[in-house]
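This is structure20.cif. It holds mmCIF, C-alpha atoms.
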```cif
data_coords
#
loop_
_atom_site.group_PDB
_atom_site.id
_atom_site.type_symbol
_atom_site.label_atom_id
_atom_site.label_comp_id
_atom_site.auth_asym_id
_atom_site.auth_seq_id
_atom_site.Cartn_x
_atom_site.Cartn_y
_atom_site.Cartn_z
ATOM 1 C CA MET A 13 -7.531 15.450 13.005
ATOM 2 C CA GLN A 14 -5.906 15.768 9.635
ATOM 3 C CA ASP A 15 -3.344 13.061 8.875
ATOM 4 C CA LYS A 16 -0.216 14.020 6.985
ATOM 5 C CA GLU A 17 0.235 11.811 3.935
ATOM 6 C CA GLU A 18 3.969 11.587 4.640
ATOM 7 C CA ASP A 19 3.364 10.331 8.215
ATOM 8 C CA ILE A 20 0.961 7.678 6.931
ATOM 9 C CA LYS A 21 3.472 6.478 4.312
ATOM 10 C CA ASN A 22 6.230 6.277 6.951
ATOM 11 C CA ILE A 23 4.012 4.214 9.243
ATOM 12 C CA GLN A 24 3.014 1.885 6.406
ATOM 13 C CA GLU A 25 6.704 1.388 5.590
ATOM 14 C CA ILE A 26 7.490 0.531 9.224
ATOM 15 C CA VAL A 27 4.758 -2.119 9.227
ATOM 16 C CA TYR A 28 5.853 -3.582 5.887
ATOM 17 C CA GLU A 29 9.480 -3.729 7.059
ATOM 18 C CA GLU A 30 8.387 -5.598 10.195
ATOM 19 C CA ILE A 31 6.358 -8.065 8.113
ATOM 20 C CA LYS A 32 9.411 -8.635 5.911
ATOM 21 C CA ARG A 33 11.596 -9.095 8.985
ATOM 22 C CA LEU A 34 9.256 -11.684 10.527
ATOM 23 C CA PHE A 35 8.080 -13.589 7.443
ATOM 24 C CA GLY A 36 10.508 -12.663 4.634
ATOM 25 C CA ASN A 37 10.065 -10.876 1.297
ATOM 26 C CA TYR A 38 7.590 -13.527 0.250
ATOM 27 C CA ALA A 39 5.067 -12.138 2.750
ATOM 28 C CA LEU A 40 5.086 -8.739 1.083
ATOM 29 C CA ARG A 41 4.628 -10.313 -2.338
ATOM 30 C CA PHE A 42 1.748 -12.359 -0.920
ATOM 31 C CA ILE A 43 0.035 -9.215 0.406
ATOM 32 C CA VAL A 44 0.421 -7.364 -2.897
ATOM 33 C CA GLU A 45 -0.566 -10.338 -5.082
ATOM 34 C CA SER A 46 -3.600 -11.024 -2.875
ATOM 35 C CA LYS A 47 -4.640 -7.394 -3.406
ATOM 36 C CA TYR A 48 -4.405 -6.252 0.199
ATOM 37 C CA ASP A 49 -3.510 -2.783 1.369
ATOM 38 C CA MET A 50 -2.790 -1.086 4.675
ATOM 39 C CA ILE A 51 -5.011 1.584 6.210
ATOM 40 C CA VAL A 52 -3.536 3.760 8.960
ATOM 41 C CA LEU A 53 -5.892 5.516 11.364
ATOM 42 C CA LYS A 54 -4.627 8.248 13.664
ATOM 43 C CA ARG A 55 -6.296 7.835 17.058
ATOM 44 C CA ASP A 56 -4.642 10.716 18.901
ATOM 45 C CA MET A 57 -1.426 12.746 18.792
ATOM 46 C CA ASN A 58 0.730 9.727 19.676
ATOM 47 C CA LEU A 59 -1.210 6.658 18.552
ATOM 48 C CA TYR A 60 -1.821 5.153 15.126
ATOM 49 C CA GLU A 61 -3.575 1.865 14.349
ATOM 50 C CA MET A 62 -3.096 -0.134 11.171
ATOM 51 C CA PHE A 63 -5.529 -2.447 9.417
ATOM 52 C CA LEU A 64 -4.981 -4.831 6.518
ATOM 53 C CA VAL A 65 -7.864 -4.566 4.050
ATOM 54 C CA SER A 66 -8.757 -5.725 0.573
ATOM 55 C CA LYS A 67 -8.509 -3.124 -2.196
ATOM 56 C CA GLU A 68 -12.314 -3.179 -2.503
ATOM 57 C CA LEU A 69 -12.838 -2.528 1.206
ATOM 58 C CA LYS A 70 -10.311 0.310 1.111
ATOM 59 C CA GLN A 71 -12.184 1.926 -1.751
ATOM 60 C CA LEU A 72 -15.471 1.600 0.146
ATOM 61 C CA TRP A 73 -13.831 3.111 3.236
ATOM 62 C CA LEU A 74 -12.544 6.100 1.234
ATOM 63 C CA THR A 75 -16.028 6.667 -0.194
ATOM 64 C CA ILE A 76 -17.693 6.485 3.207
ATOM 65 C CA GLN A 77 -15.033 8.671 4.840
ATOM 66 C CA ASP A 78 -15.673 11.454 2.311
ATOM 67 C CA ARG A 79 -19.412 11.360 3.002
ATOM 68 C CA ILE A 80 -19.619 11.007 6.776
ATOM 69 C CA LYS A 81 -16.347 12.709 7.760
ATOM 70 C CA GLN A 82 -15.652 10.081 10.425
ATOM 71 C CA LYS A 83 -13.155 7.303 10.777
ATOM 72 C CA PRO A 84 -14.227 3.756 11.588
ATOM 73 C CA TYR A 85 -13.332 2.214 14.922
ATOM 74 C CA SER A 86 -12.101 -0.900 13.149
ATOM 75 C CA ILE A 87 -11.902 -2.081 9.558
ATOM 76 C CA GLY A 88 -10.468 -5.229 8.036
ATOM 77 C CA LEU A 89 -7.789 -7.128 9.931
ATOM 78 C CA PHE A 90 -6.013 -5.429 12.858
ATOM 79 C CA ALA A 91 -2.346 -5.191 11.880
ATOM 80 C CA GLY A 92 -0.952 -3.393 14.919
ATOM 81 C CA SER A 93 -0.383 -0.035 16.525
ATOM 82 C CA ILE A 94 2.362 2.538 16.551
ATOM 83 C CA THR A 95 2.980 4.878 19.440
ATOM 84 C CA LYS A 96 5.063 8.001 19.191
ATOM 85 C CA ARG A 97 7.162 8.892 22.251
ATOM 86 C CA LYS A 98 9.920 11.466 22.359
ATOM 87 C CA GLY A 99 9.957 11.580 18.560
ATOM 88 C CA LYS A 100 10.461 7.814 18.191
ATOM 89 C CA LEU A 101 7.941 5.415 16.716
ATOM 90 C CA LYS A 102 7.356 2.046 18.395
ATOM 91 C CA LEU A 103 5.458 -0.700 16.580
ATOM 92 C CA LYS A 104 3.382 -3.325 18.334
ATOM 93 C CA ILE A 105 2.396 -5.822 15.659
ATOM 94 C CA GLY A 106 -1.075 -7.303 15.973
ATOM 95 C CA LEU A 107 -1.890 -10.912 16.759
ATOM 96 C CA ASP A 108 -4.499 -10.913 13.979
ATOM 97 C CA LEU A 109 -1.942 -10.001 11.304
ATOM 98 C CA MET A 110 0.613 -12.502 12.614
ATOM 99 C CA GLU A 111 -2.005 -15.257 12.633
ATOM 100 C CA PHE A 112 -3.168 -14.350 9.114
ATOM 101 C CA LEU A 113 0.355 -14.486 7.670
ATOM 102 C CA ALA A 114 1.478 -17.565 9.610
ATOM 103 C CA GLN A 115 -1.541 -19.607 8.538
ATOM 104 C CA ARG A 116 -1.210 -18.682 4.881
ATOM 105 C CA LEU A 117 2.578 -18.805 4.580
ATOM 106 C CA ARG A 118 3.279 -21.660 7.044
ATOM 107 C CA ARG A 119 6.322 -19.767 8.362
ATOM 108 C CA ASN A 120 7.525 -18.419 11.707
ATOM 109 C CA ILE A 121 5.489 -20.908 13.754
ATOM 110 C CA VAL A 122 6.487 -22.883 16.825
ATOM 111 C CA ILE A 123 4.268 -25.896 17.491
ATOM 112 C CA VAL A 124 3.928 -27.018 21.099
ATOM 113 C CA ASN A 125 2.521 -30.094 22.848
ATOM 114 C CA ASP A 126 -0.977 -30.118 24.346
ATOM 115 C CA HIS A 127 0.129 -29.430 27.917
ATOM 116 C CA ALA A 128 2.235 -26.414 26.884
ATOM 117 C CA ALA A 129 -0.628 -25.140 24.693
ATOM 118 C CA MET A 130 -2.964 -25.114 27.698
ATOM 119 C CA LEU A 131 -0.392 -23.378 29.908
ATOM 120 C CA PHE A 132 0.397 -20.824 27.198
ATOM 121 C CA LEU A 133 -3.285 -19.860 27.011
ATOM 122 C CA TYR A 134 -3.048 -19.059 30.729
ATOM 123 C CA GLY A 135 -0.143 -16.674 30.138
ATOM 124 C CA ARG A 136 2.757 -19.045 30.751
ATOM 125 C CA ASP A 137 6.024 -19.179 28.818
ATOM 126 C CA ILE A 138 7.145 -22.102 26.613
ATOM 127 C CA MET A 139 9.859 -24.532 27.719
ATOM 128 C CA LEU A 140 12.219 -26.020 25.137
ATOM 129 C CA ASN A 141 11.014 -29.573 25.891
ATOM 130 C CA SER A 142 7.430 -28.515 25.014
ATOM 131 C CA ILE A 143 8.284 -27.717 21.395
ATOM 132 C CA VAL A 144 7.287 -30.513 19.023
ATOM 133 C CA ASP A 145 8.036 -28.794 15.703
ATOM 134 C CA ILE A 146 8.975 -25.497 14.087
ATOM 135 C CA LEU A 147 8.083 -23.994 10.730
ATOM 136 C CA PRO A 148 11.109 -21.802 9.929
ATOM 137 C CA PRO A 149 12.322 -19.202 9.580
ATOM 138 C CA ILE A 150 11.686 -18.293 13.212
ATOM 139 C CA GLY A 151 11.886 -14.571 13.987
ATOM 140 C CA TYR A 152 12.511 -12.751 17.248
ATOM 141 C CA LEU A 153 8.697 -12.703 17.554
ATOM 142 C CA THR A 154 6.982 -15.922 16.570
ATOM 143 C CA VAL A 155 3.542 -17.456 16.386
ATOM 144 C CA VAL A 156 2.740 -20.268 18.825
ATOM 145 C CA ALA A 157 0.388 -23.012 17.655
ATOM 146 C CA ASN A 158 -0.904 -26.337 18.939
ATOM 147 C CA ARG A 159 -0.493 -29.652 17.085
ATOM 148 C CA GLY A 160 -3.613 -28.872 15.029
ATOM 149 C CA LEU A 161 -1.955 -25.635 13.865
ATOM 150 C CA GLU A 162 -4.517 -23.553 15.741
ATOM 151 C CA ILE A 163 -2.853 -20.261 16.582
ATOM 152 C CA LEU A 164 -2.567 -19.655 20.333
ATOM 153 C CA GLY A 165 -0.677 -16.358 20.433
ATOM 154 C CA LEU A 166 2.675 -14.626 20.056
ATOM 155 C CA ALA A 167 5.916 -15.244 21.886
ATOM 156 C CA LYS A 168 9.316 -13.602 22.023
ATOM 157 C CA LEU A 169 12.267 -15.820 21.206
ATOM 158 C CA LEU A 170 14.651 -16.142 24.182
ATOM 159 C CA ILE A 171 17.077 -18.675 22.715
ATOM 160 C CA ASN A 172 18.038 -19.974 19.283
ATOM 161 C CA ILE A 173 15.492 -22.802 19.184
ATOM 162 C CA GLU A 174 16.839 -24.490 16.056
ATOM 163 C CA GLY A 175 20.388 -24.451 17.417
ATOM 164 C CA ALA A 176 19.312 -25.611 20.881
ATOM 165 C CA ILE A 177 17.343 -28.550 19.492
ATOM 166 C CA ASN A 178 20.184 -29.582 17.149
ATOM 167 C CA LYS A 179 22.791 -29.368 19.931
ATOM 168 C CA GLY A 180 20.640 -31.234 22.443
ATOM 169 C CA ALA A 181 20.491 -28.318 24.894
ATOM 170 C CA LYS A 182 18.933 -28.587 28.343
ATOM 171 C CA LYS A 183 15.256 -29.270 27.815
ATOM 172 C CA ASP A 184 14.018 -27.477 30.937
ATOM 173 C CA VAL A 185 15.020 -23.995 29.751
ATOM 174 C CA ILE A 186 12.481 -21.303 28.849
ATOM 175 C CA ALA A 187 12.640 -20.908 25.070
ATOM 176 C CA LEU A 188 9.785 -18.487 24.389
ATOM 177 C CA LYS A 189 8.317 -15.659 26.469
ATOM 178 C CA ASN A 190 4.551 -15.188 26.170
ATOM 179 C CA VAL A 191 3.769 -11.782 24.622
ATOM 180 C CA ILE A 192 0.042 -12.219 24.069
ATOM 181 C CA ASP A 193 -2.172 -15.280 23.949
ATOM 182 C CA LYS A 194 -5.782 -15.833 22.984
ATOM 183 C CA GLY A 195 -6.622 -16.666 26.585
ATOM 184 C CA TRP A 196 -5.861 -13.003 27.377
ATOM 185 C CA TYR A 197 -9.126 -11.993 25.723
ATOM 186 C CA LEU A 198 -11.063 -14.267 28.066
ATOM 187 C CA ARG A 199 -9.123 -13.284 31.189
ATOM 188 C CA LYS A 200 -9.473 -9.534 30.534
ATOM 189 C CA GLY A 201 -12.980 -9.644 29.089
ATOM 190 C CA GLY A 202 -14.530 -11.858 31.755
#
```
Take the structure in this file and express it as structure tokens.
Amino acid sequence: MQDKEEDIKNIQEIVYEEIKRLFGNYALRFIVESKYDMIVLKRDMNLYEMFLVSKELKQLWLTIQDRIKQKPYSIGLFAGSITKRKGKLKLKIGLDLMEFLAQRLRRNIVIVNDHAAMLFLYGRDIMLNSIVDILPPIGYLTVVANRGLEILGLAKLLINIEGAINKGAKKDVIALKNVIDKGWYLRKGG
């Protein structure tokens, strides 16, 4: 399968725009200054996967690709996937990339109490009264962490958390919907 250079550039731009949307311009500067790059692998007619790699690893990959004429199954840090349906591209950002950026930038993180952390790892959503702290800005998709800042997974924002906390909103409302948690790997793999 020959990849069109233009398609690859468009997909890279979509991923970079999503990173900027979730973590701000600073995240893109961090990636560039840390000498990372994005590799896009076409899996089939409608599926692309993206990986964040160091410049050195990308160069090694290009050298190997020329010699063995095969693409790796995985390389570097999984950044997400893009599916193409009816001419539209849909990005599903990867937990690995979100964790990588959240830990280094200390942004877009919701910290929950121990009980909520355990429930979240079993696929449950996060209640407003379970949130102990936030590291703004919080995007529509945010990283969930425990008090030790160990990343537990990703959640979709259902309410304006900062506004709800400041206004003293009802505490028993669901604030975050579980998208993927690290317990998923154990439940599906076991």
* Asked: Exactly which residues make up the result of the PyMOL selection byres ((chain A and resi 192) around 7) on this file, given as a list of chain:residue names?
  -> A:Gly165, A:Leu166, A:Ala167, A:Asn190, A:Val191, A:Asp193, A:Lys194, A:Trp196
* To do: Would you kindly translate the PyMOL selection byres ((chain A and resi 114) around 10) into the concrete residues it picks from this file, as number ranges by chain?
  => A: 34-35, 39, 108-113, 115-121, 147, 154-157, 161, 163
* Length of the atom CA of A:Ile171 to atom CA of A:Leu188 vector [Å] ->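 Spanning atom CA of A:Ile171 to atom CA of A:Leu188 is a straight-line distance of 7.5 Å.
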* **Selected residue, from A:Lys67, A:Leu89, A:Ile31, A:Lys100, that lies nearest to A:Glu45 when counting only C-alpha atoms** =>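 So, comparing all the options, the nearest one is A:Lys67.
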* Mind checking which residues fall within 7 Å of A:Ala128, counting only C-alpha atoms, ignoring those fewer than 3 positions away in the same chain, and posting them as a list in words? =>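 The filter keeps Val124, Asn125, Leu131, Phe132, Ile138 and Ser142 of chain A.
Among the candidates A:Val122, A:Ala129, A:Leu74, A:Leu164, the one nearest to A:Ile150 when counting only C-alpha atoms is A:Val122.
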* **Nearest to A:Gly195 by atom-to-atom distance, counting all atoms listed in the file, from A:Leu153, A:Met130, A:Met139, A:Ala176** => A:Met130
* To do: Decode the PyMOL selection byres ((chain A and resi 18-21) around 12) for the given file into explicit residues and return them as a list in words.
  => Gln14, Asp15, Lys16, Glu17, Asn22, Ile23, Gln24, Glu25, Ile26, Val27, Tyr28, Asp49, Met50, Ile51, Val52, Leu53, Lys54, Met57, Asn58, Leu59, Tyr60, Glu61, Met62, Ile94, Lys96 and Leu101 of chain A
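Rounded to one decimal, atom CA of A:Glu174 and atom CA of A:Tyr38 lie 21.3 Å from each other.
The nearest approach to A:Glu162 among the residues A:Asp126, A:Phe63, A:Asn178, A:Lys183, with all atoms listed in the file taken into account, belongs to A:Asp126.
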* Rank A:Ala91, A:Val144, A:Leu72, A:Leu198 by their smallest atom-to-atom distance to A:Gly106, using all atoms listed in the file, and report the top residue only. =>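 Of A:Ala91, A:Val144, A:Leu72, A:Leu198, the one nearest A:Gly106, counting all atoms listed in the file, is A:Ala91.
The nearest approach to A:Lys189 among the residues A:Asn158, A:Asp56, A:Gly175, A:Arg136, with all atoms listed in the file taken into account, belongs to A:Arg136.
Between atom CA of A:Tyr48 and atom CA of A:Lys70 the separation is 8.9 Å.
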Edge lengths and centre in Å, axis-aligned, stretch 181-185 of chain A plus 4 Å each side, as lines of an AutoDock Vina configuration file:
```
center_x = 17.3
center_y = -26.6
center_z = 27.9
size_x = 14.5
size_y = 13.3
size_z = 14.0
```
